[in-house]
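K.L.:
File follows, run_5.txt with compact mmCIF, C-alpha atoms:
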# COMPACT_ATOMS: atom_id res chain seq x y z
CA MET A 1 134.08 52.18 -5.74
CA ASN A 2 130.78 51.09 -4.42
CA LEU A 3 132.47 49.68 -1.40
CA ILE A 4 134.44 52.89 -0.88
CA ALA A 5 131.31 55.00 -1.31
CA GLN A 6 129.50 52.90 1.14
CA LEU A 7 132.29 53.33 3.64
CA VAL A 8 132.28 57.12 3.22
CA VAL A 9 128.54 57.32 3.67
CA HIS A 10 128.74 55.07 6.67
CA ASN A 11 131.52 57.15 8.26
CA TYR A 12 129.58 60.38 7.62
CA GLN A 13 126.47 58.95 9.19
CA GLU A 14 128.43 57.85 12.23
CA ALA A 15 130.04 61.28 12.57
CA THR A 16 126.71 63.02 12.24
CA LYS A 17 125.20 60.67 14.76
CA VAL A 18 127.97 61.55 17.23
CA ASP A 19 127.47 65.30 16.68
CA HIS A 20 123.70 65.03 17.22
CA SER A 21 124.22 63.04 20.37
CA PHE A 22 126.74 65.60 21.70
CA TRP A 23 124.51 68.61 21.16
CA TYR A 24 121.48 66.85 22.51
CA ASP A 25 123.35 65.83 25.64
CA PHE A 26 124.81 69.33 25.93
CA LEU A 27 121.40 70.95 25.64
CA LYS A 28 119.76 68.46 27.97
CA ASP A 29 122.41 68.25 30.63
CA TYR A 30 123.89 71.76 30.70
CA LEU A 31 122.07 74.44 28.83
CA LEU A 32 118.51 73.51 29.71
CA PRO A 33 119.16 73.41 33.50
CA LEU A 34 120.89 76.77 33.22
CA VAL A 35 117.96 78.28 31.34
CA LEU A 36 115.47 76.77 33.74
CA GLY A 37 117.51 77.96 36.70
CA PHE A 38 117.71 81.45 35.22
CA ILE A 39 113.96 81.51 34.62
CA ALA A 40 113.34 80.25 38.17
CA ALA A 41 115.68 82.91 39.56
CA CYS A 42 113.89 85.61 37.56
CA VAL A 43 110.51 84.40 38.76
CA ALA A 44 111.74 84.23 42.35
CA TYR A 45 113.24 87.71 42.08
CA TYR A 46 110.03 89.07 40.61
CA ILE A 47 108.00 87.46 43.37
CA PHE A 48 110.42 88.83 45.99
CA VAL A 49 110.28 92.33 44.53
CA ALA A 50 106.51 92.18 44.18
CA GLU A 51 106.06 90.90 47.73
CA THR A 52 108.47 93.50 49.11
CA LYS A 53 106.69 96.25 47.22
CA ARG A 54 103.35 94.97 48.42
CA ASP A 55 104.61 94.77 52.03
CA ARG A 56 105.97 98.28 51.80
CA GLN A 57 102.69 99.51 50.37
CA LYS A 58 100.81 97.76 53.16
CA GLU A 59 103.11 99.42 55.69
CA ILE A 60 102.56 102.78 54.02
CA ASP A 61 98.80 102.22 53.97
CA VAL A 62 98.78 101.17 57.64
CA LYS A 63 100.77 104.24 58.65
CA ALA A 64 98.52 106.45 56.54
CA GLN A 65 95.46 104.90 58.19
CA GLU A 66 97.01 105.37 61.62
CA ARG A 67 97.67 109.04 60.86
CA ASN A 68 94.17 109.43 59.54
CA ASP A 69 92.71 107.75 62.64
CA LYS A 70 94.79 110.02 64.86
CA LEU A 71 93.55 113.09 63.03
CA ILE A 72 89.95 111.90 63.25
CA PHE A 73 90.34 111.46 67.01
CA PHE A 74 92.23 114.75 67.36
CA SER A 75 89.63 116.59 65.29
CA THR A 76 86.81 115.14 67.38
CA SER A 77 88.61 116.07 70.60
CA VAL A 78 89.25 119.63 69.41
CA GLU A 79 85.64 120.03 68.29
CA SER A 80 84.36 118.73 71.63
CA ALA A 81 86.69 121.05 73.54
CA LEU A 82 85.52 123.95 71.41
CA LYS A 83 81.88 123.16 72.14
CA THR A 84 82.69 122.97 75.85
CA ALA A 85 84.44 126.34 75.68
CA VAL A 86 81.53 128.00 73.88
CA GLN A 87 79.06 126.59 76.41
CA GLN A 88 81.19 127.69 79.36
CA GLU A 89 81.61 131.11 77.80
CA GLY A 90 77.81 131.41 77.68
CA TYR A 91 77.52 130.44 81.33
CA LEU A 92 80.16 133.01 82.27
CA LYS A 93 78.34 135.71 80.32
CA GLU A 94 75.13 134.87 82.19
CA TYR A 95 77.02 134.93 85.49
CA LEU A 96 78.31 138.43 84.80
CA ARG A 97 74.78 139.57 84.01
CA LEU A 98 73.51 138.21 87.33
CA ILE A 99 76.20 140.08 89.29
CA ARG A 100 75.47 143.27 87.38
CA GLU A 101 71.78 143.04 88.28
CA ASP A 102 72.36 141.89 91.87
CA ASP A 103 75.71 142.59 93.50
CA VAL A 104 74.58 141.63 97.00
CA ASN A 105 73.68 137.97 96.74
CA PHE A 106 76.37 135.54 95.64
CA HIS A 107 75.50 133.71 92.44
CA HIS A 108 76.60 130.26 91.31
CA LEU A 109 78.39 129.78 88.02
CA LYS A 110 77.25 126.83 85.95
CA TYR A 111 80.19 124.87 84.66
CA VAL A 112 80.89 122.19 82.08
CA PRO A 113 83.34 119.34 82.88
CA LEU A 114 86.70 119.94 81.20
CA ASN A 115 87.37 116.28 80.30
CA ASN A 116 87.91 117.05 76.60
CA PHE A 117 90.45 119.73 77.46
CA GLN A 118 92.21 117.52 79.98
CA ARG A 119 92.50 114.67 77.47
CA ILE A 120 94.24 116.91 74.93
CA VAL A 121 96.45 118.85 77.33
CA GLU A 122 97.46 116.14 79.79
CA ILE A 123 96.97 112.71 78.17
CA LEU A 124 97.57 112.73 74.42
CA ASP A 125 101.04 112.21 72.93
CA LEU A 126 100.90 115.49 71.06
CA GLU A 127 104.14 114.94 69.12
CA THR A 128 102.65 112.00 67.21
CA TYR A 129 99.58 114.06 66.45
CA LEU A 130 101.84 116.84 65.18
CA LEU A 131 103.39 114.45 62.64
CA ALA A 132 99.96 113.30 61.53
CA TYR A 133 98.79 116.91 61.20
CA VAL A 134 101.84 118.07 59.25
CA ASN A 135 101.69 115.07 56.88
CA LYS A 136 98.04 115.82 56.22
CA TYR A 137 98.58 119.50 55.55
CA ASP A 138 102.01 119.29 53.92
CA THR A 139 101.71 122.08 51.37
CA ASN A 140 103.52 124.38 53.77
CA ARG A 141 104.91 122.29 56.59
CA THR A 142 106.26 125.28 58.53
CA ALA A 143 102.86 126.95 58.47
CA SER A 144 101.19 123.67 59.45
CA VAL A 145 103.47 123.25 62.47
CA LYS A 146 102.71 126.81 63.57
CA GLU A 147 98.97 126.31 63.07
CA TYR A 148 99.01 123.07 65.08
CA LYS A 149 100.92 124.69 67.93
CA ASN A 150 98.51 127.64 67.96
CA ILE A 151 95.55 125.24 68.21
CA LEU A 152 97.18 123.61 71.23
CA ALA A 153 98.15 126.97 72.73
CA ASN A 154 94.54 128.15 72.69
CA ILE A 155 93.27 124.86 74.09
CA ASP A 156 95.89 124.98 76.85
CA TYR A 157 95.02 128.62 77.62
CA LEU A 158 91.28 127.95 77.80
CA TYR A 159 91.77 124.85 79.93
CA HIS A 160 93.90 126.56 82.55
CA ASN A 161 91.86 129.76 82.42
CA PHE A 162 88.63 127.90 83.08
CA LYS A 163 90.24 125.97 85.96
CA GLN A 164 91.57 129.20 87.44
CA LEU A 165 88.14 130.77 86.94
CA PHE A 166 86.43 128.03 88.94
CA ASP A 167 89.03 128.30 91.72
CA GLN A 168 88.67 132.08 91.80
CA ILE A 169 84.89 131.91 92.14
CA GLU A 170 85.17 129.20 94.80
CA ARG A 171 87.48 131.44 96.84
CA ALA A 172 85.19 134.40 96.31
CA GLN A 173 82.23 132.35 97.49
CA GLN A 174 84.09 131.36 100.65
CA HIS A 175 85.01 135.00 101.34
CA ASP A 176 81.42 136.06 100.69
CA TYR A 177 80.21 133.45 103.17
CA GLU A 178 82.67 134.71 105.80
CA ARG A 179 81.62 138.35 105.27
CA LYS A 180 77.93 137.47 105.56
CA LEU A 181 78.59 135.37 108.65
CA GLU A 182 80.29 138.38 110.21
CA TYR A 183 77.35 140.52 109.07
CA LYS A 184 74.98 138.12 110.83
CA ASN A 185 77.08 138.18 114.01
CA THR A 186 77.09 141.97 113.95
CA PHE A 187 73.30 141.94 113.81
CA TYR A 188 73.18 139.71 116.88
CA LYS A 189 75.55 142.03 118.75
CA ILE A 190 72.88 144.73 118.55
CA PHE A 191 69.94 142.38 118.90
CA ASN A 192 71.33 140.95 122.15
CA LEU A 193 71.73 144.47 123.53
CA LEU A 194 68.13 145.52 122.86
CA GLY A 195 66.95 144.85 126.42
CA VAL A 196 69.73 146.99 127.87
CA ILE A 197 69.18 149.71 125.24
CA TYR A 198 65.46 149.88 126.03
CA SER A 199 66.25 150.21 129.72
CA GLU A 200 68.86 152.96 129.23
CA LEU A 201 66.69 154.98 126.81
CA GLN A 202 63.50 154.91 128.92
CA GLU A 203 64.39 158.12 130.74
CA ASP A 204 64.52 159.89 127.32
CA GLN A 205 61.00 159.26 126.09
CA GLU A 206 61.53 160.81 122.66
CA SER A 207 64.65 158.75 121.97
CA TYR A 208 63.05 155.66 123.43
CA SER A 209 59.96 155.99 121.21
CA ARG A 210 62.05 156.60 118.10
CA PHE A 211 64.26 153.60 118.76
CA LEU A 212 61.26 151.42 119.54
CA ASP A 213 59.61 152.45 116.27
CA ILE A 214 62.73 151.34 114.40
CA ILE A 215 62.68 147.89 115.98
CA ASP A 216 58.90 147.54 115.48
CA ALA A 217 59.19 148.47 111.80
CA PHE A 218 61.97 145.92 111.35
CA THR A 219 60.00 143.20 113.13
CA ASN A 220 56.71 143.91 111.37
CA ASN A 221 58.27 143.96 107.87
CA HIS A 222 60.48 140.96 108.37
CA GLN A 223 59.39 138.09 106.12
CA ASN A 224 61.40 135.32 107.78
CA ASP A 225 64.09 135.62 105.14
CA ASN A 226 67.32 135.65 107.10
CA TYR A 227 69.37 135.73 103.88
CA ASN A 228 67.99 139.03 102.60
CA ILE A 229 70.84 141.17 103.84
CA THR A 230 69.54 144.22 101.97
CA PHE A 231 66.47 144.18 104.20
CA TYR A 232 68.69 144.12 107.29
CA PHE A 233 70.75 146.97 105.86
CA GLU A 234 67.73 149.16 105.08
CA HIS A 235 65.50 148.34 108.06
CA PHE A 236 67.96 147.60 110.84
CA PHE A 237 71.55 148.80 110.50
CA THR A 238 70.89 152.06 108.64
CA PRO A 239 68.03 153.41 110.80
CA ILE A 240 69.79 152.35 114.02
CA ASN A 241 73.04 153.99 112.91
CA ASP A 242 71.16 157.17 111.95
CA PHE A 243 69.52 157.12 115.37
CA PHE A 244 72.84 156.94 117.22
CA LEU A 245 74.40 159.63 115.03
CA ASP A 246 71.58 161.99 116.07
CA TYR A 247 71.58 160.74 119.65
CA PHE A 248 75.29 161.19 120.28
CA GLY A 249 75.32 164.30 118.10
CA ALA A 250 72.96 165.86 120.64
CA ASN A 251 75.52 165.11 123.39
CA LYS A 252 73.23 162.65 125.13
CA PRO A 253 74.64 160.14 127.60
CA ARG A 254 76.99 157.47 126.30
CA THR A 255 76.89 154.09 127.93
CA GLU A 256 78.86 150.98 127.13
CA ALA A 257 75.81 149.26 125.61
CA LEU A 258 74.74 152.26 123.54
CA THR A 259 78.28 152.81 122.27
CA ALA A 260 78.65 149.11 121.37
CA ALA A 261 75.33 149.17 119.50
CA ALA A 262 76.32 152.35 117.64
CA VAL A 263 79.67 150.86 116.58
CA ALA A 264 78.01 147.61 115.48
CA SER A 265 75.40 149.49 113.42
CA ARG A 266 78.20 151.37 111.66
CA ASP A 267 80.10 148.14 111.05
CA GLY A 268 76.96 146.51 109.65
CA LYS A 269 76.46 149.33 107.15
CA GLN A 270 80.11 149.18 106.10
CA MET A 271 80.08 145.41 105.73
CA TYR A 272 77.05 145.61 103.46
CA GLN A 273 78.82 148.09 101.20
CA HIS A 274 81.95 145.98 101.34
CA ILE A 275 80.00 142.93 100.17
CA LYS A 276 78.71 144.91 97.18
CA VAL A 277 82.15 146.29 96.37
CA GLU A 278 83.77 142.84 96.51
CA ASN A 279 81.14 141.37 94.20
CA GLN A 280 81.57 144.30 91.80
CA GLN A 281 85.33 143.74 91.87
CA LEU A 282 84.80 140.05 91.14
CA ARG A 283 82.63 140.97 88.17
CA LYS A 284 85.29 143.40 86.92
CA GLU A 285 88.00 140.73 87.08
CA LEU A 286 85.79 138.10 85.46
CA SER A 287 84.84 140.54 82.71
CA GLN A 288 88.51 140.83 81.78
CA ASP A 289 88.79 137.04 81.77
CA PHE A 290 85.67 136.84 79.62
CA LYS A 291 87.19 139.11 76.98
CA ARG A 292 90.34 137.00 76.78
CA ILE A 293 88.34 133.76 76.71
CA TYR A 294 86.10 135.14 73.98
CA LYS A 295 89.12 136.06 71.83
CA SER A 296 90.79 132.69 72.41
CA ILE A 297 87.63 130.86 71.36
CA LEU A 298 87.44 132.90 68.16
CA ASP A 299 91.08 132.06 67.40
CA LEU A 300 90.49 128.37 68.07
CA LYS A 301 87.44 128.33 65.81
CA LYS A 302 89.43 129.88 62.99
CA LEU A 303 92.50 127.66 63.44
CA SER A 304 90.56 124.40 63.70
CA ALA A 305 87.91 125.11 61.04
CA LEU A 306 89.68 123.17 58.24
CA LEU A 307 90.60 120.25 60.51
CA ILE A 308 87.06 119.87 61.82
CA ALA A 309 85.54 120.25 58.35
CA ASP A 310 87.88 117.66 56.82
CA PHE A 311 87.04 114.96 59.35
CA ASN A 312 83.39 115.70 60.02
CA SER A 313 82.05 115.88 56.49
When written as structure tokens, how does the structure in this file appear?
P.N.:
Amino acid sequence: MNLIAQLVVHNYQEATKVDHSFWYDFLKDYLLPLVLGFIAACVAYYIFVAETKRDRQKEIDVKAQERNDKLIFFSTSVESALKTAVQQEGYLKEYLRLIREDDVNFHHLKYVPLNNFQRIVEILDLETYLLAYVNKYDTNRTASVKEYKNILANIDYLYHNFKQLFDQIERAQQHDYERKLEYKNTFYKIFNLLGVIYSELQEDQESYSRFLDIIDAFTNNHQNDNYNITFYFEHFFTPINDFFLDYFGANKPRTEALTAAAVASRDGKQMYQHIKVENQQLRKELSQDFKRIYKSILDLKKLSALLIADFNS
């Protein structure tokens, strides 16, 4: 029995030893690598997801920063254009005042370079700025798009209106120069005939003395200011024209020189009035432009107030 018992115990121990060896080898060679591989896969997946999420967030942050930078630049550009418009509006208002007080002499309009307007209207990729604007003010995207377009519409209007304004004044200045050159030439038509006029009027002592008094008064009061066309109108063309109206009205002799001088004196008076009328017409046209510019600036101030405040605080 002892021998049998010993055999049973021995066989049991051998069987148990085999089972332990099997499970150990199974765990070591199969299960453990699978578990480790699974853990490694999970860690790799987590790292991949985390990195992807971080990359996406970086991309989102970069795009957000780009939009913000665009809006900062756009806001600064709009604010600068608005300041330019306000300054130019002030210069135009002063210009209108000068014409109102003196519609004979041509005045020069001060102007501000339109670089800020040109940058917005002609250089910027406005579609990308639209996206940045709408994403910033996305509570009502439709309203934001409309607001953005209205900002640009006013900037575009002011830009082209100011350019047209400068061109209009430049043309008016050229026409004014041509009228005054003609006015000057008309003066010399009479002035060059003075010797002949004196000679032809000498037989009529009364007319001769009256005409001579006119020329003496003009000469004695002249202050060497050849650009004071009002003086020429009041002391030369008008009294000479009045003289010839009385002279020919009395049926006194008409000569070629006297007739030419009479016609030139009439033309000189008319040209002077024409100069005044043209300057008054220019002021009338510019006054209408001023009203539209003033309204557009008010609209632009209102539309861009939030944008400027957000990026200049």
K.L.:
Given the choices A:Tyr183, A:Tyr208, A:Asp289, A:Gln280, which gets closest to Leu98 in chain A if the distance is worked out from only C-alpha atoms?
P.N.:
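Smallest distance to Leu98 in chain A is found for A:Gln280.
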K.L.:
Check the smallest atom-to-atom distance from each of A:Leu306, A:Leu282, A:Ile297, A:Ala262 to His175 in chain A using only C-alpha atoms, then report the winner.
P.N.:
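Nearest to His175 in chain A: A:Leu282.
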K.L.:
Interatomic distance between CA of Glu79 in chain A and CA of Leu165 in chain A?
P.N.:
21.7 Å
K.L.:
Can you measure CA of Phe237 in chain A to CA of Ala264 in chain A for me? One decimal in Å is fine.
P.N.:
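Between CA of Phe237 in chain A and CA of Ala264 in chain A the gap works out to 8.2 Å.
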K.L.:
Taking only C-alpha atoms into account, which of A:Gln173, A:Leu96, A:Thr139, A:Leu300 comes nearest Ala81 in chain A?
P.N.:
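Using only C-alpha atoms, the shortest distance to Ala81 in chain A belongs to A:Leu300.
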K.L.:
Taking 2 positions as the minimum chain separation for residues in the same chain, which residues sit within 7 Å of range 265-273 of chain A when counting all atoms listed in the file? Answer as a compact mmCIF listing (two decimals) with C-alpha atoms, keeping the file's coordinate frame.
P.N.:
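Produced file around-v1.txt, reproduced below:
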# COMPACT_ATOMS: atom_id res chain seq x y z
CA TYR A 183 77.35 140.52 109.07
CA THR A 186 77.09 141.97 113.95
CA PHE A 233 70.75 146.97 105.86
CA PHE A 237 71.55 148.80 110.50
CA THR A 238 70.89 152.06 108.64
CA ILE A 240 69.79 152.35 114.02
CA ASN A 241 73.04 153.99 112.91
CA ALA A 261 75.33 149.17 119.50
CA ALA A 262 76.32 152.35 117.64
CA VAL A 263 79.67 150.86 116.58
CA ILE A 275 80.00 142.93 100.17
CA LYS A 276 78.71 144.91 97.18
CA VAL A 277 82.15 146.29 96.37
K.L.:
Pick from A:Ile293, A:Leu193, A:Ile229, A:Ile39: nearest to Gln88 in chain A, with all atoms listed in the file counted?
P.N.:
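When distances to Gln88 in chain A are compared using all atoms listed in the file, the smallest one comes from A:Ile293.
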K.L.:
When distances are computed from all atoms listed in the file, which of A:Thr76, A:Asn226, A:Ser207, A:Thr259 shows the smallest separation from Ile308 in chain A?
P.N.:
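Going through A:Thr76, A:Asn226, A:Ser207, A:Thr259 one by one, the smallest distance to Ile308 in chain A is for A:Thr76.
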